[in-house]
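Asker: Below are the structure tokens for one structure; questions will follow.
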Amino acid sequence: MARRILFGGTDPARVAEADSVAVLGLGRFGQSLALELMDNGTEVLGVDGREDIVQSLNGRLTHVVTADATKETVLRQLSVPDFDRVVVAIGSDIQASILTTSLLLRFKIPQIWAKAVGEAHGTILEQLGVGHVIYPEKDMGKRVAHLVRGSMQDFIEIDEGFAMVKTTPHSAIMGIPLGQTDLRNKHQVTVTAVKPDGEPWTYATAETVLRPGDTILVAGPTRKAEVFSQLR
């Protein structure tokens, strides 16, 4: 078992009782995830086998520990079985990822997210029974590819074949209420929100009139939303 170093003085059992998440593996993905959770008010137990990484996060996470997450006794000492939500962010060691995930499934953790570094890794995780398999590099690559192809400001694929796009409205739908544009029939997309220039986001309605300088969120089939964003 790797030597354990505890920082912050917070009992892991107390962290587990809060609205909290355990993040196992604090590489670039795990760190980014853990710090974002902290910024949004979620308490985080972070675990990694590299002492230098753990020391760099001292005081930035609710509780951060140097430990071997593949060991059942270690995870029990850290009260990981008491967490409702655990993320396995181990990417560099596929065997460690699978062993750790198997333990979490044995603990019957209600919600497990596990990072996959490739299709074979992801398939194994899915076969084990992980409900949320994450492909950070693959998903980011797909997202950037869509941004490069079109004139979108941002792109999120909600599900296979359905996306939400941040873009600017083309001239044909400006100056008239959205309800009169017949967008769904003509383009199979829906404008869901609008951000007038210099103002906050607001919901789009049938009475919304778009102006030059506006930014919009468009939802629809991925290819349709992408084509719509290219219209000018």
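Just so we're on the same page: first chain in the structure tokens is A, next is B, and so on; residues restart at 1 for each chain, and ligands are numbered from 1 in the order they show up.
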Counting only C-alpha atoms, what is within 9 Å of A:Trp201, bar same-chain residues fewer than 5 positions away, as an mmCIF file with N, CA and C atoms, in the first residue's frame?
Answerer:
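Listed below is the output, part_1.cif:
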data_model
loop_
_atom_site.group_PDB
_atom_site.id
_atom_site.type_symbol
_atom_site.label_atom_id
_atom_site.label_comp_id
_atom_site.auth_asym_id
_atom_site.auth_seq_id
_atom_site.Cartn_x
_atom_site.Cartn_y
_atom_site.Cartn_z
ATOM 1 N N ALA A 193 -32.494 30.104 -26.633
ATOM 2 C CA ALA A 193 -32.122 31.239 -25.785
ATOM 3 C C ALA A 193 -31.418 32.291 -26.631
ATOM 4 N N VAL A 194 -31.420 33.519 -26.141
ATOM 5 C CA VAL A 194 -30.801 34.621 -26.869
ATOM 6 C C VAL A 194 -30.061 35.528 -25.894
ATOM 7 N N LYS A 195 -28.940 36.055 -26.344
ATOM 8 C CA LYS A 195 -28.165 37.015 -25.549
ATOM 9 C C LYS A 195 -27.982 38.280 -26.392
ATOM 10 N N PRO A 196 -28.826 39.293 -26.168
ATOM 11 C CA PRO A 196 -28.635 40.551 -26.890
ATOM 12 C C PRO A 196 -27.276 41.150 -26.548
ATOM 13 N N THR A 215 -26.469 36.900 -29.812
ATOM 14 C CA THR A 215 -25.943 35.539 -29.810
ATOM 15 C C THR A 215 -27.083 34.612 -29.437
ATOM 16 N N ILE A 216 -27.173 33.450 -30.091
ATOM 17 C CA ILE A 216 -28.291 32.551 -29.827
ATOM 18 C C ILE A 216 -27.797 31.138 -29.528
#
Asker: Find, counting only C-alpha atoms, the residue in A:Ala34, A:Leu128, A:Val218, A:Val21 that gets nearest to A:Leu103.
Answerer: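 Among the listed residues, A:Leu128 lies closest to A:Leu103.
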Asker: Taking only C-alpha atoms into account, which of A:Val23, A:Ile124, A:Ile109, A:Gly118 comes nearest A:Glu137?
Answerer: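 Of all the options, A:Gly118 lies closest to A:Glu137.
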Asker: Go through A:Val133, A:Leu61, A:Met174, A:Ala206 and flag the residue nearest A:Gly41, using only C-alpha atoms for the distances.
Answerer: A:Leu61
